[in-house]
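K.L.:
This one is protein-v9.cif, mmCIF, C-alpha atoms and all ligand atoms.
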```cif
data_upload
#
loop_
_atom_site.label_atom_id
_atom_site.label_comp_id
_atom_site.auth_asym_id
_atom_site.auth_seq_id
_atom_site.Cartn_x
_atom_site.Cartn_y
_atom_site.Cartn_z
CA MET A 246 -15.44 20.15 10.22
CA LYS A 247 -12.39 17.91 9.98
CA LYS A 248 -11.06 17.13 6.52
CA ARG A 249 -11.25 13.53 5.45
CA ILE A 250 -8.62 10.88 4.69
CA PHE A 251 -9.01 7.57 2.92
CA SER A 252 -6.33 4.93 2.36
CA GLY A 253 -5.96 1.17 2.30
CA ALA A 254 -3.69 -1.83 1.90
CA GLN A 255 -4.25 -5.19 0.26
CA PRO A 256 -4.55 -8.29 2.44
CA THR A 257 -1.98 -10.13 0.35
CA GLY A 258 1.46 -11.41 1.27
CA GLN A 259 2.98 -9.85 4.35
CA LEU A 260 3.23 -6.14 5.04
CA HIS A 261 6.79 -4.88 4.93
CA ILE A 262 8.65 -1.96 6.37
CA GLY A 263 8.10 -0.06 3.10
CA ASN A 264 4.31 -0.31 3.55
CA TYR A 265 4.78 0.90 7.11
CA LEU A 266 7.13 3.82 6.43
CA GLY A 267 5.46 4.87 3.17
CA ALA A 268 1.86 4.59 4.34
CA LEU A 269 0.81 3.16 7.74
CA LYS A 270 3.08 5.41 9.79
CA ASN A 271 1.48 8.46 8.22
CA TRP A 272 -2.03 7.07 8.64
CA VAL A 273 -1.38 6.87 12.37
CA ALA A 274 -0.04 10.42 12.55
CA LEU A 275 -2.79 11.92 10.38
CA GLN A 276 -5.70 10.31 12.25
CA GLU A 277 -5.31 12.96 14.95
CA GLU A 278 -6.09 15.78 12.59
CA TYR A 279 -8.38 14.20 9.97
CA GLU A 280 -11.52 12.11 9.92
CA SER A 281 -9.86 8.91 8.74
CA PHE A 282 -11.09 5.86 6.83
CA TYR A 283 -8.64 2.97 6.58
CA CYS A 284 -9.80 0.13 4.41
CA ILE A 285 -8.67 -3.46 3.92
CA VAL A 286 -8.95 -3.65 0.16
CA ASN A 287 -9.77 -7.31 -0.36
CA LEU A 288 -11.44 -6.71 -3.75
CA HIS A 289 -8.08 -5.44 -5.02
CA ALA A 290 -6.40 -8.60 -3.73
CA ILE A 291 -8.26 -10.86 -6.17
CA THR A 292 -6.75 -9.15 -9.21
CA LEU A 293 -4.16 -11.91 -8.76
CA PRO A 294 -5.11 -15.50 -7.88
CA GLN A 295 -5.58 -16.01 -4.12
CA ASP A 296 -6.31 -19.02 -1.97
CA PRO A 297 -9.78 -18.15 -0.54
CA LYS A 298 -9.00 -19.55 2.91
CA VAL A 299 -5.70 -17.65 3.09
CA LEU A 300 -7.33 -14.45 1.82
CA ARG A 301 -9.98 -14.60 4.58
CA GLN A 302 -7.32 -15.09 7.24
CA LYS A 303 -5.07 -12.35 5.84
CA THR A 304 -8.02 -9.95 5.83
CA LEU A 305 -8.40 -10.37 9.60
CA ASP A 306 -4.62 -10.36 10.11
CA LEU A 307 -4.37 -7.02 8.34
CA ALA A 308 -6.93 -5.55 10.74
CA SER A 309 -4.67 -6.56 13.65
CA ILE A 310 -1.70 -4.99 11.86
CA TYR A 311 -3.55 -1.70 11.45
CA LEU A 312 -4.43 -1.70 15.14
CA ALA A 313 -0.96 -2.74 16.32
CA ALA A 314 0.59 -0.01 14.17
CA GLY A 315 -1.42 2.52 16.16
CA ILE A 316 -4.63 3.08 14.24
CA ASP A 317 -7.18 3.76 16.92
CA PRO A 318 -10.71 2.55 16.14
CA GLU A 319 -12.05 5.30 18.42
CA LYS A 320 -10.53 7.89 16.09
CA SER A 321 -10.48 6.13 12.71
CA THR A 322 -12.89 3.96 10.78
CA ILE A 323 -11.36 0.57 9.92
CA PHE A 324 -13.36 -1.64 7.57
CA ILE A 325 -13.26 -4.31 4.87
CA GLN A 326 -13.87 -3.04 1.34
CA SER A 327 -16.29 -5.80 0.34
CA ASP A 328 -18.50 -5.02 3.36
CA VAL A 329 -19.43 -1.80 1.56
CA PRO A 330 -20.84 -2.93 -1.82
CA GLU A 331 -20.97 0.67 -3.04
CA HIS A 332 -17.24 0.36 -3.89
CA ALA A 333 -18.05 -2.12 -6.64
CA GLU A 334 -21.12 -0.17 -7.78
CA LEU A 335 -19.30 3.14 -8.15
CA THR A 336 -16.49 1.33 -9.96
CA TRP A 337 -18.94 0.43 -12.71
CA VAL A 338 -20.12 4.01 -13.15
CA LEU A 339 -16.53 5.31 -13.24
CA SER A 340 -15.57 2.55 -15.71
CA CYS A 341 -18.06 4.11 -18.08
CA ILE A 342 -16.21 7.44 -18.07
CA ALA A 343 -12.63 6.08 -17.85
CA ARG A 344 -10.66 5.62 -21.07
CA MET A 345 -8.74 2.56 -22.22
CA GLY A 346 -5.76 4.77 -23.10
CA GLU A 347 -5.41 6.28 -19.65
CA LEU A 348 -5.52 2.86 -18.00
CA ALA A 349 -2.99 1.43 -20.45
CA ARG A 350 -0.58 4.17 -19.35
CA MET A 351 -0.55 3.01 -15.71
CA THR A 352 3.01 1.93 -14.95
CA GLN A 353 1.96 -0.69 -12.40
CA PHE A 354 0.11 -2.50 -15.16
CA LYS A 355 3.02 -2.10 -17.55
CA ASP A 356 5.41 -3.45 -14.88
CA LYS A 357 3.53 -6.72 -15.17
CA SER A 358 4.08 -6.85 -18.90
CA PRO A 359 5.16 -10.14 -20.52
CA ARG A 360 8.79 -9.13 -20.92
CA SER A 361 9.49 -8.29 -17.28
CA LEU A 362 7.40 -11.23 -16.09
CA ASN A 363 9.18 -13.72 -18.24
CA LYS A 364 12.52 -12.49 -16.98
CA ARG A 365 11.26 -12.96 -13.42
CA LEU A 366 10.09 -16.48 -14.17
CA ILE A 367 13.43 -17.45 -15.64
CA ARG A 368 15.21 -16.07 -12.55
CA ALA A 369 12.78 -17.79 -10.17
CA ARG A 370 13.15 -21.16 -11.91
CA ALA A 371 16.92 -20.81 -11.78
CA SER A 372 16.73 -20.17 -8.02
CA LEU A 373 14.87 -23.51 -7.47
CA ASP A 374 12.88 -21.74 -4.74
CA ALA A 375 9.39 -23.30 -4.88
CA GLU A 376 7.61 -20.26 -3.42
CA ALA A 377 9.39 -17.85 -5.80
CA ILE A 378 8.48 -20.10 -8.74
CA ARG A 379 4.83 -20.22 -7.62
CA ILE A 380 4.63 -16.42 -7.45
CA ALA A 381 6.43 -15.92 -10.76
CA GLU A 382 4.20 -18.50 -12.49
CA ASN A 383 1.07 -16.87 -11.11
CA GLU A 384 2.20 -13.59 -12.54
CA ALA A 385 3.56 -14.98 -15.77
CA PHE A 386 0.15 -16.07 -16.96
CA LEU A 387 -0.84 -12.45 -16.83
CA ASP A 388 0.71 -11.49 -20.13
CA PHE A 389 -1.35 -8.87 -21.85
CA GLY A 390 -3.67 -11.19 -23.76
CA ASN A 391 -4.23 -13.40 -20.76
CA ALA A 392 -4.15 -10.66 -18.15
CA GLY A 393 -7.17 -10.54 -15.89
CA VAL A 394 -9.33 -7.55 -16.81
CA GLY A 395 -9.36 -6.68 -13.10
CA LEU A 396 -5.62 -6.10 -13.14
CA PHE A 397 -6.16 -3.59 -15.93
CA THR A 398 -9.14 -1.83 -14.37
CA TYR A 399 -8.28 -1.93 -10.68
CA PRO A 400 -7.14 1.74 -10.66
CA ILE A 401 -10.83 2.54 -11.27
CA LEU A 402 -11.78 0.54 -8.19
CA MET A 403 -9.15 2.52 -6.31
CA ALA A 404 -10.70 5.76 -7.60
CA ALA A 405 -14.13 4.58 -6.42
CA ASP A 406 -12.69 3.69 -2.99
CA ILE A 407 -11.44 7.23 -2.57
CA LEU A 408 -14.25 9.22 -4.18
CA LEU A 409 -17.04 7.45 -2.28
CA TYR A 410 -15.87 9.11 0.94
CA GLN A 411 -15.52 12.63 -0.49
CA THR A 412 -11.87 12.31 0.49
CA ASP A 413 -9.65 15.37 0.83
CA LEU A 414 -6.31 13.63 1.33
CA VAL A 415 -4.92 10.20 0.38
CA PRO A 416 -1.72 9.19 2.19
CA VAL A 417 0.12 6.69 -0.03
CA GLY A 418 3.59 5.66 -1.15
CA GLN A 419 5.15 6.95 -4.36
CA ASP A 420 4.00 3.87 -6.34
CA GLN A 421 0.38 5.05 -6.05
CA LYS A 422 0.94 8.60 -7.28
CA GLN A 423 -0.15 7.83 -10.83
CA HIS A 424 -3.32 6.10 -9.63
CA LEU A 425 -4.13 9.18 -7.57
CA GLU A 426 -3.78 11.34 -10.67
CA LEU A 427 -6.24 9.07 -12.47
CA THR A 428 -8.63 9.39 -9.51
CA ARG A 429 -8.44 13.17 -9.73
CA ASP A 430 -9.02 13.07 -13.50
CA LEU A 431 -12.09 10.84 -13.11
CA ALA A 432 -13.51 13.06 -10.35
CA GLU A 433 -13.03 16.19 -12.44
CA ARG A 434 -14.51 14.54 -15.54
CA PHE A 435 -17.58 13.35 -13.65
CA ASN A 436 -18.05 16.78 -12.01
CA ARG A 437 -17.75 18.47 -15.42
CA ASP A 438 -20.16 16.11 -17.19
CA PHE A 439 -22.78 15.60 -14.47
CA GLY A 440 -22.36 18.53 -12.10
CA GLU A 441 -20.34 19.02 -8.92
CA THR A 442 -20.42 15.68 -7.06
CA PHE A 443 -16.98 14.57 -5.87
CA VAL A 444 -14.31 16.23 -3.80
CA VAL A 445 -11.13 16.11 -5.89
CA PRO A 446 -8.58 14.51 -3.54
CA GLU A 447 -4.96 15.48 -2.97
CA PRO A 448 -2.22 12.88 -2.52
CA PHE A 449 -0.13 12.90 0.64
CA ILE A 450 3.22 11.38 -0.31
CA PRO A 451 5.75 11.68 2.52
CA PRO A 452 8.94 13.60 1.64
CA VAL A 453 11.05 10.77 3.11
CA GLY A 454 10.13 7.07 2.95
CA ALA A 455 7.64 7.16 0.08
CA ASN A 456 9.72 4.71 -1.92
CA ILE A 457 11.61 2.21 0.21
CA LEU A 458 13.68 0.05 -2.12
CA SER A 459 14.35 -3.66 -2.27
CA LEU A 460 17.34 -4.64 -0.12
CA GLN A 461 18.45 -6.94 -2.92
CA ASP A 462 17.85 -4.71 -5.92
CA PRO A 463 17.69 -0.98 -5.22
CA SER A 464 16.42 -0.33 -8.72
CA LYS A 465 13.04 -1.74 -7.55
CA LYS A 466 10.72 -0.82 -4.71
CA MET A 467 10.46 -3.11 -1.70
CA SER A 468 7.48 -5.30 -2.54
CA LYS A 469 5.31 -7.97 -0.94
CA SER A 470 5.28 -9.98 -4.11
CA ASP A 471 9.04 -9.88 -4.75
CA GLU A 472 10.17 -13.42 -5.49
CA ASN A 473 13.25 -12.82 -3.34
CA ALA A 474 12.06 -12.59 0.29
CA ASN A 475 15.48 -11.17 1.26
CA GLY A 476 14.49 -7.97 -0.53
CA ALA A 477 11.94 -7.01 2.12
CA ILE A 478 11.87 -6.70 5.91
CA PHE A 479 8.43 -7.95 6.86
CA LEU A 480 6.77 -6.41 9.90
CA LEU A 481 6.49 -9.85 11.51
CA ASP A 482 10.04 -11.04 10.74
CA ASP A 483 11.91 -12.30 13.82
CA ALA A 484 15.17 -10.75 15.04
CA ASP A 485 17.37 -13.38 13.45
CA THR A 486 15.72 -13.03 10.03
CA ILE A 487 15.94 -9.24 10.16
CA THR A 488 19.65 -9.37 11.03
CA LYS A 489 20.35 -11.85 8.22
CA LYS A 490 18.41 -9.80 5.66
CA PHE A 491 20.28 -6.60 6.49
CA LYS A 492 23.60 -8.47 6.41
CA LYS A 493 22.78 -9.74 2.92
CA ALA A 494 21.53 -6.33 1.73
CA VAL A 495 23.44 -5.09 -1.31
CA THR A 496 25.56 -1.97 -0.88
CA ASP A 497 27.16 0.55 -3.26
CA SER A 498 30.80 0.99 -4.16
CA GLY A 499 32.78 3.16 -1.76
CA THR A 500 32.70 3.14 2.01
CA GLU A 501 30.85 6.33 2.97
CA ILE A 502 27.48 6.09 4.71
CA ASN A 503 25.48 9.02 3.35
CA PHE A 504 22.40 10.03 1.38
CA GLU A 505 24.12 10.61 -1.99
CA PRO A 506 21.51 9.97 -4.73
CA ASP A 507 23.97 7.98 -6.84
CA ARG A 508 24.35 5.48 -3.96
CA PRO A 509 20.77 4.18 -3.82
CA ALA A 510 21.44 1.07 -1.72
CA ILE A 511 23.11 2.92 1.17
CA ARG A 512 20.73 5.83 0.86
CA ASN A 513 17.83 3.40 1.20
CA LEU A 514 19.27 1.69 4.29
CA LEU A 515 20.06 5.05 5.87
CA THR A 516 16.53 6.27 5.12
CA ILE A 517 15.11 3.27 6.99
CA TYR A 518 17.44 4.07 9.91
CA GLN A 519 16.45 7.75 9.83
CA LEU A 520 12.72 7.05 9.87
CA LEU A 521 12.93 4.43 12.59
CA THR A 522 15.09 6.57 14.90
CA GLY A 523 13.46 9.93 14.12
CA LYS A 524 16.93 11.49 13.74
CA SER A 525 17.61 14.19 11.17
CA ALA A 526 19.53 13.29 8.00
CA ASP A 527 22.61 15.18 9.25
CA GLU A 528 22.52 13.39 12.60
CA CYS A 529 22.38 10.01 10.83
CA VAL A 530 25.36 10.83 8.62
CA ALA A 531 27.34 12.19 11.59
CA HIS A 532 26.45 9.11 13.65
CA PHE A 533 27.97 6.73 11.09
CA ASP A 534 30.90 8.90 10.11
CA GLY A 535 34.02 6.75 10.00
CA LYS A 536 32.09 3.51 10.65
CA GLY A 537 32.07 0.63 8.17
CA TYR A 538 29.17 -1.09 6.41
CA GLY A 539 29.34 -4.04 8.85
CA GLN A 540 28.80 -1.85 11.91
CA PHE A 541 26.12 0.19 10.09
CA LYS A 542 24.15 -2.91 9.16
CA THR A 543 24.41 -4.36 12.67
CA GLU A 544 23.10 -1.14 14.20
CA LEU A 545 20.36 -0.84 11.59
CA ALA A 546 19.26 -4.42 12.33
CA GLU A 547 19.22 -3.78 16.10
CA THR A 548 17.24 -0.56 15.61
CA THR A 549 14.69 -2.34 13.42
CA VAL A 550 14.30 -5.28 15.80
CA GLU A 551 13.76 -2.91 18.75
CA PHE A 552 11.34 -0.79 16.75
CA LEU A 553 9.25 -3.78 15.68
CA ARG A 554 9.30 -5.59 19.05
CA PRO A 555 6.37 -3.71 20.71
CA PHE A 556 4.43 -3.80 17.44
CA GLN A 557 4.90 -7.58 17.20
CA GLU A 558 3.79 -7.97 20.82
CA ARG A 559 0.63 -5.93 20.19
CA VAL A 560 -0.37 -7.89 17.07
CA LYS A 561 -0.91 -10.95 19.27
CA ASP A 562 -3.36 -9.04 21.49
CA TYR A 563 -6.35 -9.11 19.16
CA ASP A 564 -8.70 -12.06 18.99
CA ASP A 565 -10.91 -12.70 15.97
CA ALA A 566 -14.12 -11.73 17.79
CA SER A 567 -12.89 -8.26 18.74
CA LEU A 568 -11.45 -7.69 15.27
CA LYS A 569 -14.75 -8.65 13.66
CA SER A 570 -16.66 -6.32 15.93
CA ILE A 571 -14.36 -3.37 15.07
CA LEU A 572 -14.69 -4.16 11.36
CA LYS A 573 -18.48 -4.45 11.55
CA ALA A 574 -18.83 -1.08 13.28
CA GLY A 575 -16.39 0.41 10.76
CA ALA A 576 -18.36 -0.95 7.79
CA GLU A 577 -21.62 0.49 9.13
CA LYS A 578 -20.13 3.95 9.46
CA ALA A 579 -18.37 3.76 6.09
CA ARG A 580 -21.51 2.50 4.40
CA SER A 581 -23.67 5.39 5.50
CA ILE A 582 -21.30 7.82 3.77
CA ALA A 583 -20.77 5.62 0.72
CA GLN A 584 -24.52 5.18 0.20
CA ASN A 585 -25.03 8.91 0.23
CA THR A 586 -22.38 9.50 -2.43
CA LEU A 587 -23.60 6.67 -4.64
CA GLN A 588 -27.16 7.94 -4.39
CA GLN A 589 -26.02 11.33 -5.73
CA VAL A 590 -24.12 9.60 -8.54
CA TYR A 591 -27.12 7.47 -9.51
CA GLU A 592 -29.42 10.48 -9.53
CA LYS A 593 -27.06 12.55 -11.63
CA THR A 594 -26.54 9.79 -14.17
CA GLY A 595 -30.23 8.89 -14.43
CA ILE A 596 -29.93 5.48 -12.82
CA SER A 597 -32.33 6.51 -10.10
CA GLY A 598 -34.40 9.60 -9.42
CA PRO A 599 -37.93 10.96 -9.08
CA ALA A 600 -39.54 9.27 -12.10
CA LEU A 601 -38.24 5.89 -11.03
N1 LIG A 701 8.33 0.11 -1.14
C1 LIG A 701 7.43 0.96 -0.65
N2 LIG A 701 7.82 2.12 -0.09
C2 LIG A 701 6.91 2.99 0.41
N3 LIG A 701 5.57 2.76 0.39
C3 LIG A 701 5.13 1.61 -0.17
N4 LIG A 701 3.90 1.09 -0.36
C4 LIG A 701 4.02 -0.11 -0.98
N5 LIG A 701 5.31 -0.39 -1.21
C5 LIG A 701 6.04 0.66 -0.72
C6 LIG A 701 2.66 1.72 0.08
O1 LIG A 701 2.01 0.85 0.99
C7 LIG A 701 0.60 1.04 0.91
C8 LIG A 701 -0.13 -0.29 0.89
O2 LIG A 701 0.29 -1.03 -0.23
P1 LIG A 701 -0.57 -2.20 -0.87
O3 LIG A 701 -0.96 -3.20 0.12
O4 LIG A 701 -1.66 -1.61 -1.66
O5 LIG A 701 0.49 -2.87 -1.78
P2 LIG A 701 1.20 -2.33 -3.07
O6 LIG A 701 1.19 -0.86 -3.19
O7 LIG A 701 0.66 -3.09 -4.20
O8 LIG A 701 2.71 -2.64 -2.79
P3 LIG A 701 3.38 -3.94 -2.25
O9 LIG A 701 3.23 -3.97 -0.78
O10 LIG A 701 4.75 -3.95 -2.72
O11 LIG A 701 2.58 -5.11 -2.90
P4 LIG A 701 2.79 -5.80 -4.34
O12 LIG A 701 4.06 -6.53 -4.26
O13 LIG A 701 1.61 -6.70 -4.43
O14 LIG A 701 2.81 -4.71 -5.38
C9 LIG A 701 0.35 1.89 -0.35
O15 LIG A 701 0.06 3.22 0.05
C10 LIG A 701 1.66 1.86 -1.07
O16 LIG A 701 1.90 3.06 -1.78
#
```
Once you've parsed the file, please lay out its structure as structure tokens.
P.N.:
Amino acid sequence: MKKRIFSGAQPTGQLHIGNYLGALKNWVALQEEYESFYCIVNLHAITLPQDPKVLRQKTLDLASIYLAAGIDPEKSTIFIQSDVPEHAELTWVLSCIARMGELARMTQFKDKSPRSLNKRLIRARASLDAEAIRIAENEAFLDFGNAGVGLFTYPILMAADILLYQTDLVPVGQDQKQHLELTRDLAERFNRDFGETFVVPEPFIPPVGANILSLQDPSKKMSKSDENANGAIFLLDDADTITKKFKKAVTDSGTEINFEPDRPAIRNLLTIYQLLTGKSADECVAHFDGKGYGQFKTELAETTVEFLRPFQERVKDYDDASLKSILKAGAEKARSIAQNTLQQVYEKTGISGPAL
């Protein structure tokens, strides 16, 4: 029997090249070898305020992005999280064995702490960029006391997403590593307390590309919710925008184009080039030997535009009716597995069983 994969992305903002290189690209490659479940995690999206109409549209848009990236619905199951209510039900059970302390340690939650948020808000207001201010304000109200409980507990929902499918492998970017460790801890704790129930999943974090950095601030990861849109190359950016963003990308001191760890900006750009061309690290360094930053950025922009062109063409191919039909079939398949797991959980915890 094939081993099983589960992963997902949130239908928020726009997917960027970091999401692609850190996650989607590997989903496509791994679907050949594994029984794969790729979810549109819309319940995660509402941990921050969303416009309902926009969220609905982005949910369908994300399905077309999965397909255009190469996820094949004949090989993989693509579905919307909320179409399988067992995700929310298992979350409750796992919440009852999770500990406040382990959730409080999650760095993604701490990243949204009042201090860093307030700094962001000050920067956004200074930029006079209305969209950046809107995002920063949305996030600023999430200081600890006011933070939505969902933002604190969503790693448990993520654990439920994964454990419901008896997942062996979870391909994710580096930012999700800690959440995967929590998932493993919760699976092991449940198995210990109630008897063997869940497969304890392994993370699949690619050796290259797991942490694509912001083009504007290489101390941060490239992020959908970055207030500075120049920090990310979005998968649907046009050629002109891509070229401008790479031109504006910050660089390091010196002139060499190499993978030195103390030159994170150039290393990041070269990593993007490496992954998009499929060249080895040595070939990339040799290719740019003696060339300047200007020429490097121009070539990187051209490579990215050419890489994204067929993807951007394919995204337009899917109409809403065919997307909905793929998602419906995916939800039915996912649900049959999820129901089975939840049933076992309910029996083991005494929620259901023979006497009831
Ligand atoms: N910069 C990145 N480099 C490599 N992989 C990344 N991922 C995210 N950012 C990078 C991986 O993409 C997958 C889907 O991510 P998501 O939709 O769950 O969003 P996220 O992890 O919350 O990251 P974003 O896209 O930057 O969104 P915001 O700004 O909302 O935090 C995941 O496997 C993730 O690891």
K.L.:
Identify which of the residues A:Phe449, A:Phe324, A:Tyr538, A:Phe552 lies closest to ligand LIG 701 (chain A), counting all atoms listed in the file when measuring atom-to-atom distances.
P.N.:
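Going through A:Phe449, A:Phe324, A:Tyr538, A:Phe552 one by one, the smallest distance to ligand LIG 701 (chain A) is for A:Phe449.
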K.L.:
At most 12 Å from (4.1, 2.0, 9.6), file frame, all atoms listed in the file: which residues, as a VMD selection string?
P.N.:
chain A and resid 254 260 to 274 310 to 316 416 to 418 454 to 455 479 to 480 517 520 to 521 552 to 553 556
K.L.:
Selected residues, C-alpha atoms, written as a tab-separated table (two decimals), in the frame of the given file, please.
P.N.:
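Result file is result.tsv:
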```tsv
chain	number	residue	atom	x	y	z
A	254	ALA	CA	-3.69	-1.83	1.90
A	260	LEU	CA	3.23	-6.14	5.04
A	261	HIS	CA	6.79	-4.88	4.93
A	262	ILE	CA	8.65	-1.96	6.37
A	263	GLY	CA	8.10	-0.06	3.10
A	264	ASN	CA	4.31	-0.31	3.55
A	265	TYR	CA	4.78	0.90	7.11
A	266	LEU	CA	7.13	3.82	6.43
A	267	GLY	CA	5.46	4.87	3.17
A	268	ALA	CA	1.86	4.59	4.34
A	269	LEU	CA	0.81	3.16	7.74
A	270	LYS	CA	3.08	5.41	9.79
A	271	ASN	CA	1.48	8.46	8.22
A	272	TRP	CA	-2.03	7.07	8.64
A	273	VAL	CA	-1.38	6.87	12.37
A	274	ALA	CA	-0.04	10.42	12.55
A	310	ILE	CA	-1.70	-4.99	11.86
A	311	TYR	CA	-3.55	-1.70	11.45
A	312	LEU	CA	-4.43	-1.70	15.14
A	313	ALA	CA	-0.96	-2.74	16.32
A	314	ALA	CA	0.59	-0.01	14.17
A	315	GLY	CA	-1.42	2.52	16.16
A	316	ILE	CA	-4.63	3.08	14.24
A	416	PRO	CA	-1.72	9.19	2.19
A	417	VAL	CA	0.12	6.69	-0.03
A	418	GLY	CA	3.59	5.66	-1.15
A	454	GLY	CA	10.13	7.07	2.95
A	455	ALA	CA	7.64	7.16	0.08
A	479	PHE	CA	8.43	-7.95	6.86
A	480	LEU	CA	6.77	-6.41	9.90
A	517	ILE	CA	15.11	3.27	6.99
A	520	LEU	CA	12.72	7.05	9.87
A	521	LEU	CA	12.93	4.43	12.59
A	552	PHE	CA	11.34	-0.79	16.75
A	553	LEU	CA	9.25	-3.78	15.68
A	556	PHE	CA	4.43	-3.80	17.44
```
K.L.:
Just checking: using all atoms listed in the file, which residue out of A:Ala510, A:Ser309, A:Glu441, A:Pro297 ends up closest to Glu558 of chain A?
P.N.:
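Of all the options, A:Ser309 lies closest to Glu558 of chain A.
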K.L.:
Between A:Ile325, A:Val286, A:Leu545, A:Val299, single out the one closest to Leu572 of chain A, counting only C-alpha atoms.
P.N.:
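Residue with the minimum atom-to-atom distance to Leu572 of chain A: A:Ile325.
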K.L.:
Give as a PyMOL selection string every residue, naming chains and numbers as the document does, that has an atom within 9 Å of (14.9, -3.7, 1.8), counting all atoms listed in the file.
P.N.:
chain A and resi 261-263+457-463+466-468+475-478+490-491+494+510+513-514+517
K.L.:
Calculate, to one decimal in Å, the centre and edge lengths of the box along x, y and z of the file that holds all listed atoms of ligand LIG 701 (chain A) with 4 Å of margin on each side, and present them as AutoDock Vina command-line options.
P.N.:
```
--center_x 3.3 --center_y -1.7 --center_z -2.2 --size_x 18.0 --size_y 17.9 --size_z 14.4
```
K.L.:
For ligand LIG 701 (chain A), which of A:His332, A:Lys422, A:Arg370, A:Arg437 is the closest residue, counting all atoms listed in the file?
P.N.:
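Once distances to ligand LIG 701 (chain A) are computed over all atoms listed in the file, the minimum belongs to A:Lys422.
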K.L.:
Which is closest to ligand LIG 701 (chain A) among A:Ser597, A:Thr428, A:Thr516, A:Gln255, if we use only C-alpha atoms and all ligand atoms?
P.N.:
A:Gln255
K.L.:
Choose the residue, out of A:Asn456, A:Gln557, A:Thr486, A:Thr543, that has the smallest atom-to-atom separation from Pro509 of chain A; count only C-alpha atoms.
P.N.:
A:Asn456
K.L.:
Which residues are close to Gln302 of chain A, i.e. within 12 Å by only C-alpha atoms, leaving aside same-chain residues fewer than 6 positions away? Reply as a list in words.
P.N.:
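The filter keeps Pro256, Thr257, Gly258, Gln259, Asn287, Gln295, Asp296, Ala308, Ser309, Asp565, Leu568 and Lys569 of chain A.
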K.L.:
Report, in Å to a single decimal, how far apart atom CA of Ile571 of chain A and atom CA of Pro400 of chain A are.
P.N.:
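Straight-line distance from atom CA of Pro400 of chain A to atom CA of Ile571 of chain A works out to 27.2 Å.
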